[in-house]
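To be precise, the following lines are start-v3.txt, and they hold compact mmCIF, C-alpha atoms.
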# COMPACT_ATOMS: atom_id res chain seq x y z
CA MET A 1 -7.18 -17.24 -15.66
CA MET A 2 -4.07 -15.10 -15.68
CA HIS A 3 -0.75 -16.48 -16.92
CA LEU A 4 2.55 -14.59 -16.66
CA ILE A 5 5.24 -15.68 -19.11
CA THR A 6 8.78 -14.39 -18.78
CA GLY A 7 12.14 -15.08 -20.34
CA GLY A 8 15.15 -13.46 -21.93
CA SER A 9 15.30 -11.87 -25.35
CA GLY A 10 14.91 -14.50 -28.08
CA SER A 11 13.93 -17.20 -25.56
CA GLY A 12 10.75 -18.23 -27.39
CA LYS A 13 8.37 -16.66 -24.87
CA SER A 14 6.25 -14.94 -27.55
CA ALA A 15 5.64 -18.15 -29.50
CA TYR A 16 4.87 -19.98 -26.25
CA ALA A 17 2.42 -17.25 -25.17
CA GLU A 18 0.60 -17.41 -28.49
CA ALA A 19 0.37 -21.20 -28.20
CA GLN A 20 -1.16 -20.80 -24.74
CA ILE A 21 -3.85 -18.46 -26.07
CA LEU A 22 -4.58 -20.77 -29.03
CA ALA A 23 -4.92 -23.76 -26.68
CA LEU A 24 -7.76 -21.97 -24.88
CA ASN A 25 -9.90 -22.37 -28.03
CA GLY A 26 -11.68 -19.09 -27.42
CA GLU A 27 -13.76 -17.37 -30.07
CA CYS A 28 -12.20 -13.95 -29.53
CA ARG A 29 -8.43 -13.41 -29.37
CA VAL A 30 -6.95 -9.98 -28.72
CA TYR A 31 -3.26 -9.14 -28.99
CA LEU A 32 -2.40 -6.00 -27.00
CA ALA A 33 0.76 -4.70 -28.68
CA THR A 34 2.80 -2.35 -26.49
CA MET A 35 5.91 -1.77 -28.61
CA TYR A 36 5.92 1.66 -30.15
CA PRO A 37 7.53 1.61 -33.63
CA TYR A 38 10.20 4.22 -32.92
CA ASP A 39 13.00 2.95 -35.19
CA GLU A 40 13.76 0.41 -37.91
CA GLU A 41 14.68 -2.35 -35.46
CA SER A 42 11.36 -2.01 -33.61
CA ARG A 43 9.45 -1.93 -36.91
CA GLN A 44 11.19 -5.18 -37.94
CA ARG A 45 10.38 -6.82 -34.60
CA ILE A 46 6.74 -5.75 -34.91
CA ALA A 47 6.61 -7.15 -38.46
CA ARG A 48 8.12 -10.45 -37.25
CA HIS A 49 5.51 -10.74 -34.49
CA ARG A 50 2.66 -9.88 -36.86
CA LYS A 51 3.91 -12.62 -39.21
CA MET A 52 3.94 -15.08 -36.28
CA ARG A 53 0.28 -14.19 -35.58
CA ALA A 54 -0.88 -14.34 -39.19
CA GLU A 55 -3.83 -16.71 -39.62
CA LYS A 56 -4.24 -17.20 -35.85
CA ASN A 57 -7.33 -14.98 -35.68
CA PHE A 58 -5.93 -12.33 -33.34
CA THR A 59 -7.33 -8.83 -33.36
CA THR A 60 -4.34 -6.56 -32.76
CA VAL A 61 -4.91 -3.55 -30.52
CA GLU A 62 -2.01 -1.15 -30.15
CA CYS A 63 -1.73 -0.04 -26.54
CA TYR A 64 1.42 1.89 -25.72
CA ARG A 65 0.16 3.01 -22.27
CA ASP A 66 -3.04 3.51 -20.25
CA LEU A 67 -4.25 -0.11 -20.16
CA GLU A 68 -7.45 0.97 -18.42
CA LYS A 69 -8.50 2.95 -21.51
CA THR A 70 -8.05 0.02 -23.89
CA GLU A 71 -11.20 -1.26 -25.55
CA ILE A 72 -11.43 -5.04 -25.64
CA PRO A 73 -14.46 -7.27 -26.13
CA GLU A 74 -15.96 -8.86 -23.01
CA HIS A 75 -14.62 -12.36 -22.30
CA ALA A 76 -11.84 -12.22 -24.89
CA ASP A 77 -8.63 -14.21 -24.52
CA VAL A 78 -6.06 -11.42 -24.26
CA LEU A 79 -2.32 -11.62 -24.91
CA LEU A 80 -0.45 -8.57 -23.57
CA GLU A 81 2.96 -8.31 -25.24
CA CYS A 82 4.95 -7.07 -23.46
CA MET A 83 5.18 -5.65 -19.97
CA SER A 84 8.73 -4.34 -20.37
CA ASN A 85 7.70 -2.09 -23.29
CA LEU A 86 4.59 -0.90 -21.47
CA THR A 87 6.66 -0.08 -18.38
CA ALA A 88 9.19 1.91 -20.41
CA ASN A 89 6.41 3.79 -22.21
CA GLU A 90 4.68 4.71 -18.96
CA MET A 91 7.92 5.73 -17.25
CA PHE A 92 9.63 7.70 -19.99
CA TRP A 93 6.99 9.19 -22.30
CA PRO A 94 6.21 12.79 -21.35
CA GLU A 95 2.49 11.95 -21.10
CA GLY A 96 3.15 8.64 -19.30
CA ALA A 97 2.59 7.79 -15.65
CA GLY A 98 6.16 8.62 -14.62
CA SER A 99 6.72 7.86 -10.94
CA ASP A 100 3.22 6.30 -10.74
CA THR A 101 4.05 3.67 -13.39
CA GLU A 102 3.78 0.64 -11.11
CA GLU A 103 0.35 1.63 -9.76
CA GLN A 104 -0.94 2.69 -13.19
CA ILE A 105 0.06 -0.60 -14.81
CA LEU A 106 -1.28 -2.77 -11.99
CA ARG A 107 -4.64 -0.94 -12.11
CA GLY A 108 -4.72 -1.60 -15.85
CA VAL A 109 -3.91 -5.30 -15.38
CA GLU A 110 -6.71 -5.61 -12.79
CA TRP A 111 -9.10 -3.96 -15.27
CA LEU A 112 -8.03 -6.41 -17.99
CA ARG A 113 -8.43 -9.38 -15.62
CA ARG A 114 -12.01 -8.37 -14.87
CA LYS A 115 -12.89 -7.83 -18.53
CA ALA A 116 -11.04 -10.73 -20.21
CA ARG A 117 -11.91 -14.40 -20.10
CA ASN A 118 -8.18 -15.20 -19.94
CA LEU A 119 -5.17 -12.92 -19.74
CA VAL A 120 -1.66 -13.96 -20.80
CA ILE A 121 1.08 -11.43 -20.08
CA VAL A 122 4.58 -11.56 -21.54
CA SER A 123 7.44 -9.84 -19.73
CA ASN A 124 11.20 -9.82 -20.11
CA GLU A 125 13.81 -11.14 -17.73
CA ILE A 126 16.32 -8.27 -17.77
CA PHE A 127 17.88 -8.65 -14.37
CA SER A 128 20.73 -11.13 -14.65
CA ASP A 129 23.28 -9.62 -17.03
CA GLY A 130 25.45 -8.22 -14.22
CA CYS A 131 26.03 -4.88 -16.00
CA GLU A 132 26.03 -1.50 -14.30
CA TYR A 133 23.53 0.99 -15.66
CA ASP A 134 22.73 4.67 -15.25
CA SER A 135 20.20 5.74 -12.61
CA GLY A 136 17.29 5.95 -15.08
CA THR A 137 17.85 2.41 -16.30
CA LYS A 138 18.24 1.15 -12.73
CA GLU A 139 14.93 2.76 -11.79
CA TYR A 140 13.31 1.14 -14.83
CA GLN A 141 14.69 -2.27 -13.77
CA ARG A 142 13.43 -1.78 -10.20
CA THR A 143 9.99 -0.77 -11.42
CA LEU A 144 9.70 -3.66 -13.89
CA GLY A 145 10.94 -6.04 -11.19
CA LYS A 146 8.25 -4.85 -8.76
CA ILE A 147 5.58 -5.14 -11.44
CA ASN A 148 6.73 -8.65 -12.40
CA CYS A 149 6.70 -9.72 -8.73
CA ARG A 150 3.18 -8.40 -8.25
CA LEU A 151 2.00 -10.01 -11.50
CA ALA A 152 3.49 -13.34 -10.41
CA GLU A 153 1.60 -13.03 -7.13
CA LEU A 154 -1.69 -12.35 -8.93
CA ALA A 155 -1.21 -14.93 -11.67
CA ASP A 156 -2.70 -18.41 -11.63
CA ARG A 157 0.27 -19.61 -13.67
CA VAL A 158 3.84 -18.35 -14.10
CA THR A 159 6.17 -19.79 -16.73
CA GLU A 160 9.75 -18.91 -17.55
CA VAL A 161 10.84 -19.81 -21.07
CA VAL A 162 14.54 -20.68 -21.34
CA TYR A 163 16.03 -21.60 -24.76
CA GLY A 164 12.53 -22.41 -26.01
CA ILE A 165 11.78 -24.67 -23.04
CA PRO A 166 8.87 -23.62 -20.80
CA LEU A 167 9.62 -24.06 -17.09
CA GLU A 168 6.52 -23.93 -14.90
CA VAL A 169 7.19 -21.77 -11.87
CA LYS A 170 3.64 -21.54 -10.51
CA GLY A 171 0.41 -23.40 -11.25
With the file now loaded, output its structure as structure tokens.
Amino acid sequence: MMHLITGGSGSGKSAYAEAQILALNGECRVYLATMYPYDEESRQRIARHRKMRAEKNFTTVECYRDLEKTEIPEHADVLLECMSNLTANEMFWPEGAGSDTEEQILRGVEWLRRKARNLVIVSNEIFSDGCEYDSGTKEYQRTLGKINCRLAELADRVTEVVYGIPLEVKG
């Protein structure tokens, strides 16, 4: 089963995603962490998420890019948090996928789907603020939008979390 969960910043999507993994009652839970700790704010966010997962029996695997190279146990319940960080890492890191980001990430997701028992993917809704951005940010938004659309197509379930309320979009 693959479940895509999206929502705005601070919407409660991470807590909801963790609850979905816990409800599966699997013996092996893997948290694929994609946020690179590049500044104090990101380190604080990572610490907050680790605290949320404390005592929930997740094995945390840091995966900033190259999903296909990530080692996870067969038939694990995998929570990938989050697609927007992974997309930025692949697009903008010198050793990332660059213009091949969409294809690279989708190949990695397919690999995870085959290996995992269940896959829950968290992504951000970053498309409705109405602001104008520079060309690099616009390209990032387009790429993440394409990835999210493809993930929604592939997913068995799609949920948008708004103000802590999960709204089932698919499944």
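For the atom pair formed by atom CA of Arg114 of chain A and atom CA of His75 of chain A, the distance is 8.8 Å, given to one decimal.
Residue nearest Ala17 of chain A within the list A:Ser84, A:Ser42, A:Thr137, A:Asn118: A:Asn118 [criterion: smallest interatomic distance, all atoms listed in the file].
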Show me the residues close to (-3.9, 0.8, -28.4) - anything with an atom within 12 Å, counting all atoms listed in the file - and format the list as a PyMOL selection string.
chain A and resi 30-36+59-72+80-81+86
Would you kindly return, as a list in words, each protein, DNA or RNA residue with an atom no farther than 8 Å from any atom of Met1 of chain A, considering only C-alpha atoms and excluding same-chain residues fewer than 3 positions away?
Arg113, Arg117, Asn118, Leu119, Ala155 and Asp156 of chain A
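Each of A:Asn85, A:Thr143, A:Asn124, A:Gln104 was checked against Thr159 of chain A using all atoms listed in the file; the smallest atom-to-atom distance is that of A:Asn124.
The coordinates place atom CA of Glu18 of chain A at 14.4 Å from atom CA of Ile165 of chain A.
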Using atom CA of Asn89 of chain A and atom CA of Lys13 of chain A as the two end points, give the distance in Å to one decimal.
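Distance between the two atoms: 20.7 Å.
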What's the 7 Å shell around Met83 of chain A, counting only C-alpha atoms, without same-chain residues fewer than 3 positions away, as number ranges by chain?
A: 86-87, 122-123
For each of A:Ile147, A:Ile121, A:Leu79, A:Ala116, take the minimum atom-to-atom distance to Glu102 of chain A, counting only C-alpha atoms, then give the residue where this is smallest.
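Result for the nearest residue to Glu102 of chain A: A:Ile147.
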Let me make sure I understand: among A:Cys149, A:Val162, A:Cys131, A:Ala76, which one has the smallest atom-to-atom distance to Leu112 of chain A if we use all atoms listed in the file?
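Smallest distance to Leu112 of chain A is found for A:Ala76.
When all atoms listed in the file are used to compute distances to Val78 of chain A, the closest of the residues A:Lys138, A:Arg45, A:Arg29, A:Arg53 turns out to be A:Arg29.
Using all atoms listed in the file, the smallest distance between any of A:Asp77, A:Glu168, A:Glu125, A:Glu153 and Gly7 of chain A comes from A:Glu125.
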Around segment 38-43 of chain A, with edges along x, y and z and 3 Å added on all six sides, what centre and edge lengths do you get, in Å to one decimal, as JSON?
{"center_x": 12.1, "center_y": 0.9, "center_z": -35.4, "size_x": 11.2, "size_y": 12.6, "size_z": 11.0}
